[in-house]
There are 4 protein chains.
Amino acid sequence: MLGIGKTGWIEKDRPVCGPLDAICKPLALAPCTSDVHTVWEGALGDRHNLILGHEGVGEIVEVGSLVKDFKQGDKVLIPAITPDWNSVEAQAGFAQHSGGMLAGWKFSNIKDGLFSEFFHVNDADGNLALLPEGMDLATACMISDMIPTGVLGAEMANVQFGDKVCVIGIGPVGLGALSAVAIRGSSDIYAVGSRPNCVQVAKEYGATEIINYKNGDIVEQIMKLTDGNGVDRVIVAGGDNDTIGQAVRMVKPGGIVSNINYLGEGDSVKIPRVEWGVGMGHKAIIGGLMLGGRLRMEKYAALIKTGRMDPSKLVTHVLHGFDKIEDALMLMKDKPSDLIKPVVIL
Amino acid sequence: MLGIGKTGWIEKDRPVCGPLDAICKPLALAPCTSDVHTVWEGALGDRHNLILGHEGVGEIVEVGSLVKDFKQGDKVLIPAITPDWNSVEAQAGFAQHSGGMLAGWKFSNIKDGLFSEFFHVNDADGNLALLPEGMDLATACMISDMIPTGVLGAEMANVQFGDKVCVIGIGPVGLGALSAVAIRGSSDIYAVGSRPNCVQVAKEYGATEIINYKNGDIVEQIMKLTDGNGVDRVIVAGGDNDTIGQAVRMVKPGGIVSNINYLGEGDSVKIPRVEWGVGMGHKAIIGGLMLGGRLRMEKYAALIKTGRMDPSKLVTHVLHGFDKIEDALMLMKDKPSDLIKPVVIL
Amino acid sequence: MLGIGKTGWIEKDRPVCGPLDAICKPLALAPCTSDVHTVWEGALGDRHNLILGHEGVGEIVEVGSLVKDFKQGDKVLIPAITPDWNSVEAQAGFAQHSGGMLAGWKFSNIKDGLFSEFFHVNDADGNLALLPEGMDLATACMISDMIPTGVLGAEMANVQFGDKVCVIGIGPVGLGALSAVAIRGSSDIYAVGSRPNCVQVAKEYGATEIINYKNGDIVEQIMKLTDGNGVDRVIVAGGDNDTIGQAVRMVKPGGIVSNINYLGEGDSVKIPRVEWGVGMGHKAIIGGLMLGGRLRMEKYAALIKTGRMDPSKLVTHVLHGFDKIEDALMLMKDKPSDLIKPVVIL
Amino acid sequence: MLGIGKTGWIEKDRPVCGPLDAICKPLALAPCTSDVHTVWEGALGDRHNLILGHEGVGEIVEVGSLVKDFKQGDKVLIPAITPDWNSVEAQAGFAQHSGGMLAGWKFSNIKDGLFSEFFHVNDADGNLALLPEGMDLATACMISDMIPTGVLGAEMANVQFGDKVCVIGIGPVGLGALSAVAIRGSSDIYAVGSRPNCVQVAKEYGATEIINYKNGDIVEQIMKLTDGNGVDRVIVAGGDNDTIGQAVRMVKPGGIVSNINYLGEGDSVKIPRVEWGVGMGHKAIIGGLMLGGRLRMEKYAALIKTGRMDPSKLVTHVLHGFDKIEDALMLMKDKPSDLIKPVVIL
């Protein structure tokens, strides 16, 4: 990213490795919709000569003197979020906001990202995890952001056994959430979306009903399917600010609306007063950023290894070579109808 | 209540007692701001010939054949909310919404209230509690709604040891919340309000700082007091729809906004997108209705008996006699400067 | 049950239906290991002329005057535990202990059970659920106790995404727990057991490793499989008092031991002091009784209907006719090698 | 500590300061019963030439190159537990077990403690907190261990508003727990102990009833006081392995036994099978180690500054001078009748 709306390659010095850090070279990379937001919408504000990218797999080329568990040559999973684990925010359980709201998100936000010959990882022991033997690189890229963000959606929703859950948006993040919800005890899963390949994967991941907004108001469709009761949980993984209002309308008293969608524009999210129970309806609204860090990477890798999750279904396009990164980014921007997620193997 | 904006006395038959129920006569009564909303703002919609009132202490004059734990002559605490405890909502932990959102609230909402010679209590064993020996009637009236709603505010806020908490609004409900927060582990409590007698009680209950909106934007005042970090928890017990947006702005990532304020008008509550972390700031927003029922009444009575809470400070005006109920209601409507809460002893 | 060690048929009057209750006739029944404990081990103390049985499906023949949601002829799921939902224990979230520890368990404990021409259900609206259309009766019997007890095991264990879980005991209850754990976010599931058909179902339900106690100390086997770290959670669904000590030894600091095994004899459960971290190791130990009630029955039925759980695999023996109840009970007592669970269709 | 049973002064080199660390000199120190266990009971096993002490206040004399928030000359609170915050255990929420069970406890366990001219603090930014202006040193020493351990007891007990709580043991840790429980929403607090000055402080901290074991079985006394129902929560802060069995007997179904007592000897803790509900009584048993780290130190300091807690009452003996450390340790060993906690000011 050269500036808002402009991309291109730039020369930068290889980053310096502190005593706790690691320098990696990428083995595989995936562009994220956030990268698109960052460049073409300027969602994070103006950035100049910022290297994009926060999803990938790397190989360590250098480690700091205090790093204990990793060494040069290790192939590693890279989390999109790399917190400062000793911060007071992390000690309070919110490492993703270490140093300030969203400031645990460093790659392609407050420092250079992964789309580079070499990239810097803070706190290697705390933030890297070994690539499990036998895991293919494209699948492994989904552990950086898609799976953790999806899991967060299910965790914040605090799904209980037998709950009816609506997942609004079935792009890669929504599908990640759906695959998490399906192994978090839900019964009926209503997936809101329309693109055929996403619908197909949603069903394979456990959606019991597909809701298409083209068939009418999605709240009304949900209400009809639930005999007017609404759902126990809603995960918002797409749409815009108004989607959260729809979620509030379709959730039961005592229910939870869990937002994992990056809200890119507009002044405010509007919660409908009456449907929110005039402030007393016990409809909780929570939105969050994935956590990152080594433990989660290891846990999500274990979910894949044991077959509980299969994020390989998300990877619809595999490109090869460093020079294809820009193509992959353009795919993410233009979203051809058969795309869920592209990966570039290096 | 004869209709919106009209009050007066009406004749009604004594209510019929079902096998699980009790019929009581009031010993003491308190009007609630909600009664004012109901009558003069029509907040619940138009109601005709509805008897108001949901705070009080009663004496049982009749019990149903299946009631086991209460008998005629027992003096009892009356919760404002009297759920159907066997409903699926109650089984899910949200008894206050048994039978539909807010439908556990029956008195002066979906059936006649307490401002009557006789009133009906559903599920006596599940919803009544004995008036503790030696507790004065005015204090006991505060257990119907003020203390449980305040406690709910602290519970939803899930205050942790050492948390900084802002309580917005220090009318009787806000003061109830403040007294609960002060015994739920908080350190600094910032109380937003200006009426002198409320400020005085707020300090006695444990407020460490009083924030007066007349001294400037309350968010800025809070941010200054917390070195720009914001507070861990906000309890909203006053203001209007916009107050929740202020609460979101002053709460930390990872924090909770807990609303116990009845939002009487307007289309929607607006959550500021950027300060809400573009949907990813982990600022939870939850609003709820007090729970009611026998167990909570007993627990709150124990808090008063052991001196942990002293709601007698809320009772600024004590009137005597059935004919003073209307005066008490007018006090609540007109809010003279020295009023916190009136009680009528019968 | 005529007395300890003696079974036989007795004549009793048809039970009386209170205003909230229902009288049912059984459509299908399943004996439980608890019935065996009750009769042949006298685990609940001496009982005379007590009708056994707490798992089954029924048809309503009579409802009380206050029952709203059920009518004569309805086919219904029967939970083993039928709480008093308005009790203070239920209001505190522990309905299974309404009226005293374990006292929500009424059938074949403090009143006659289901192995009868007619049986009595307290609080029909709160405790029954409609048999879903198309669900076969044998499967439906598993919703009475096997599935809810298994789900409880997973709930108390509070399994997190990617957790490694050990399930000790893979009889019907352990298999119920295993099927719940597999859809509660676990990665590796270590199942401890040896009977071939149970092992087969354990694998189908998601066990990733089978631990056979005949191959050595199970704690050592687990430690070896987890590189000396132990597991995040242990569910104890078999064994004896000493099994809980084994569970404590194999669980990580910060982990949870969740017991759903009925401990039939011995004075005490021994927790090893050193492995419990000299009292400071954050290894929580919790054991509980399934919850019962209408909501859970509906939720578990939905889990089966959406294919998340398939308890039909538990039913290895289907008998027909009222006179086969005793045979089924004897099967449960004698446990032939190919048995998991028998059901009698009436 | 020279070896088990032997104490004395030894010469050691000043510790080396890593890039994240700090070297401090003590300003005030307090001996802990654990020090007594360590030396005279050999509870941690044999240790040679280990410097004791993990409670105190220090002044920084050197900081590592990567330390951001502290500098030479800063006066700081020292937590007894100083975790590795980037460990997987800390990422799972159990920093006190970083690197293995109890291994977050470093001072006077796996490295030299505070009773020294200079001591080493790992991860200064993560583990130190500034001494608040105006806080006296003796009070500040109570933030190292007594207050955090007491708070942990209340947190693990998850006290709810109006709960009846029994605190067994009212030495300094038990009193710390009692003062935490009293501001965590409890109503009745039953304190088990007999030493007059401890009883006096217990009452000042909010105990509503003192239980003296000399007056008979403490379980029976509790049962009598609670009309046979038992208490909602028990915090075990004294006694021996059998005390936990007593706690299980006196707690309600659905209750929690929270152990913060260091169990120094014996093979196992015995849980009474029948009173534990034959494994199904929902009586949770949990024991843990305090958390430590900067955030908690800051939070507990805020609790003292706002007057919610007053640990100065725990300090009964104040000595002056480095040469009095051994006297203070002997006081802790010999426990004269008027002692709660000694502090040495340097």
# chains A, B, ... in the order shown; residues from 1 in each chain; ligands from 1
>>> interface_residues(of="chain C", to="chain D", cutoff="9 Å", atoms="only C-alpha atoms", output="PyMOL selection string")
chain C and resi 89+92-94+97+100-102+229+241+252-254+259-274+276-290
>>> atom_distance(atom1="atom CA of C:Gly58", atom2="atom CA of C:Glu298")
15.2 Å
>>> residues_around(residues="stretch 332-346 of chain B", least_positions_apart="5", cutoff="9 Å", atoms="only C-alpha atoms", output="VMD selection string")
chain B and resid 26 to 33 35 to 37 40 56 137 to 138 141 171 to 172 195 to 198 313 to 322 324 to 325 327
>>> write_last_selection(atoms="C-alpha atoms", output="compact mmCIF listing (two decimals), in the first residue's frame")
# COMPACT_ATOMS: atom_id res chain seq x y z
CA PRO B 26 -51.20 -3.80 51.23
CA LEU B 27 -49.41 -2.70 54.41
CA ALA B 28 -47.12 -0.21 52.70
CA LEU B 29 -46.79 0.98 49.11
CA ALA B 30 -44.38 2.96 47.01
CA PRO B 31 -45.03 4.54 43.62
CA CYS B 32 -42.40 4.04 40.94
CA THR B 33 -41.24 6.25 38.11
CA ASP B 35 -46.03 4.22 37.12
CA VAL B 36 -45.52 7.79 35.98
CA HIS B 37 -44.30 6.60 32.58
CA TRP B 40 -48.61 10.15 31.74
CA GLY B 56 -45.00 -2.74 48.51
CA LEU B 137 -42.18 -1.26 56.26
CA ALA B 138 -40.71 1.64 54.31
CA CYS B 141 -40.82 -1.54 50.13
CA GLY B 171 -32.23 8.68 41.38
CA PRO B 172 -33.54 5.82 43.52
CA ARG B 195 -29.47 16.84 42.99
CA PRO B 196 -28.01 17.58 46.42
CA ASN B 197 -29.79 14.96 48.49
CA CYS B 198 -29.05 12.29 45.89
CA LYS B 313 -31.72 6.26 53.00
CA LEU B 314 -33.77 6.23 49.80
CA VAL B 315 -37.03 6.93 51.62
CA THR B 316 -37.29 10.68 51.96
CA HIS B 317 -41.04 11.02 52.32
CA VAL B 318 -43.34 8.83 54.42
CA LEU B 319 -47.08 9.38 54.12
CA HIS B 320 -49.85 7.64 56.00
CA GLY B 321 -53.20 6.37 54.83
CA PHE B 322 -54.80 4.94 51.74
CA LYS B 324 -52.30 9.51 50.33
CA ILE B 325 -51.38 7.14 47.50
CA ASP B 327 -50.23 12.33 46.68
>>> select_by_dssp(residues="stretch 102-344 of chain A", states="strand (DSSP E)", output="VMD selection string")
chain A and resid 119 to 121 129 to 130 165 to 168 189 to 192 209 to 211 231 to 236 251 to 259 268 to 272 284 to 287 315 to 320 341 to 344
>>> residues_around(residues="D:Asp123", least_positions_apart="4", cutoff="6 Å", atoms="only C-alpha atoms", output="compact mmCIF listing (two decimals) with all heavy atoms, in the first residue's frame")
# COMPACT_ATOMS: atom_id res chain seq x y z
N LEU D 20 14.35 -7.45 30.35
CA LEU D 20 12.97 -7.16 30.75
C LEU D 20 12.83 -6.98 32.25
O LEU D 20 11.73 -6.73 32.74
CB LEU D 20 12.06 -8.31 30.34
CG LEU D 20 11.93 -8.60 28.86
CD1 LEU D 20 11.31 -9.97 28.64
CD2 LEU D 20 11.11 -7.52 28.17
N ASP D 21 13.93 -7.13 32.98
CA ASP D 21 13.83 -7.32 34.43
C ASP D 21 14.16 -6.06 35.21
O ASP D 21 14.49 -5.02 34.65
CB ASP D 21 14.77 -8.44 34.86
CG ASP D 21 14.53 -9.72 34.05
OD1 ASP D 21 13.41 -9.88 33.53
OD2 ASP D 21 15.48 -10.53 33.94
N ASN D 127 5.03 -7.18 36.01
CA ASN D 127 4.86 -7.68 37.38
C ASN D 127 5.00 -6.65 38.48
O ASN D 127 4.66 -6.96 39.63
CB ASN D 127 5.84 -8.84 37.62
CG ASN D 127 5.38 -10.10 36.93
OD1 ASN D 127 4.20 -10.41 36.91
ND2 ASN D 127 6.31 -10.83 36.32
>>> residues_around(residues="B:Met142", least_positions_apart="4", cutoff="8 Å", atoms="only C-alpha atoms", output="ChimeraX atom specification")
/B:55-56,138,146-147,311-312
>>> write_last_selection(atoms="N, CA, C and O atoms", output="short mmCIF file (atom, residue, chain, number, x, y, z; two decimals), in the first residue's frame")
data_model
loop_
_atom_site.label_atom_id
_atom_site.label_comp_id
_atom_site.auth_asym_id
_atom_site.auth_seq_id
_atom_site.Cartn_x
_atom_site.Cartn_y
_atom_site.Cartn_z
N GLU B 55 -44.72 -1.88 43.94
CA GLU B 55 -43.78 -1.90 45.05
C GLU B 55 -44.56 -1.84 46.36
O GLU B 55 -45.37 -0.92 46.55
N GLY B 56 -44.27 -2.78 47.25
CA GLY B 56 -45.00 -2.74 48.51
C GLY B 56 -44.75 -3.94 49.39
O GLY B 56 -44.00 -4.85 49.06
N ALA B 138 -41.20 0.78 55.39
CA ALA B 138 -40.71 1.64 54.31
C ALA B 138 -39.46 1.05 53.68
O ALA B 138 -39.32 0.98 52.44
N MET B 146 -36.40 -1.31 43.83
CA MET B 146 -35.20 -0.46 43.81
C MET B 146 -33.94 -1.29 44.02
O MET B 146 -32.97 -1.17 43.27
N ILE B 147 -33.93 -2.13 45.05
CA ILE B 147 -32.74 -2.93 45.33
C ILE B 147 -32.52 -4.00 44.25
O ILE B 147 -31.42 -4.11 43.71
N PRO B 311 -31.24 0.60 52.35
CA PRO B 311 -32.13 1.35 51.45
C PRO B 311 -33.02 2.35 52.19
O PRO B 311 -33.73 3.11 51.53
N SER B 312 -32.97 2.37 53.53
CA SER B 312 -33.81 3.34 54.23
C SER B 312 -33.41 4.76 53.85
O SER B 312 -34.24 5.68 53.91
#
>>> residues_around(residues="stretch 6-13 of chain D", least_positions_apart="2", cutoff="12 Å", atoms="only C-alpha atoms", output="PyMOL selection string")
chain D and resi 1-4+15-16+35-36+38-42+46-52+112+115-120+322-323+325-327+329-330
>>> write_last_selection(atoms="C-alpha atoms", output="mmCIF file, in the first residue's frame")
data_model
loop_
_atom_site.group_PDB
_atom_site.id
_atom_site.type_symbol
_atom_site.label_atom_id
_atom_site.label_comp_id
_atom_site.auth_asym_id
_atom_site.auth_seq_id
_atom_site.Cartn_x
_atom_site.Cartn_y
_atom_site.Cartn_z
ATOM 1 C CA MET D 1 17.366 -20.766 54.575
ATOM 2 C CA LEU D 2 20.442 -22.907 54.713
ATOM 3 C CA GLY D 3 18.610 -26.212 54.651
ATOM 4 C CA ILE D 4 15.547 -27.703 56.234
ATOM 5 C CA PRO D 15 21.523 -10.845 40.791
ATOM 6 C CA VAL D 16 21.939 -10.031 37.115
ATOM 7 C CA ASP D 35 8.319 -19.317 54.655
ATOM 8 C CA VAL D 36 7.838 -21.221 57.899
ATOM 9 C CA THR D 38 9.421 -24.043 53.611
ATOM 10 C CA VAL D 39 12.131 -23.916 56.252
ATOM 11 C CA TRP D 40 10.869 -25.930 59.181
ATOM 12 C CA GLU D 41 8.597 -28.416 57.442
ATOM 13 C CA GLY D 42 10.527 -28.738 54.212
ATOM 14 C CA ASP D 46 14.993 -29.687 50.538
ATOM 15 C CA ARG D 47 16.451 -26.356 49.483
ATOM 16 C CA HIS D 48 19.931 -25.172 50.234
ATOM 17 C CA ASN D 49 21.045 -21.600 50.598
ATOM 18 C CA LEU D 50 17.735 -20.279 49.320
ATOM 19 C CA ILE D 51 16.880 -16.719 50.263
ATOM 20 C CA LEU D 52 13.370 -16.575 51.722
ATOM 21 C CA ASP D 112 15.967 -16.275 45.755
ATOM 22 C CA PHE D 115 15.016 -11.078 52.342
ATOM 23 C CA SER D 116 18.151 -9.757 50.740
ATOM 24 C CA GLU D 117 19.985 -6.537 49.981
ATOM 25 C CA PHE D 118 18.982 -6.824 46.332
ATOM 26 C CA PHE D 119 16.440 -9.016 44.628
ATOM 27 C CA HIS D 120 15.539 -9.779 41.044
ATOM 28 C CA PHE D 322 17.441 -5.418 58.385
ATOM 29 C CA ASP D 323 18.597 -7.376 61.396
ATOM 30 C CA ILE D 325 13.977 -9.971 59.669
ATOM 31 C CA GLU D 326 14.934 -13.085 61.564
ATOM 32 C CA ASP D 327 12.922 -11.922 64.579
ATOM 33 C CA LEU D 329 10.281 -14.829 60.886
ATOM 34 C CA MET D 330 10.449 -16.295 64.366
#
>>> atom_distance(atom1="atom CA of A:Phe161", atom2="atom CA of A:Ile189")
12.4 Å
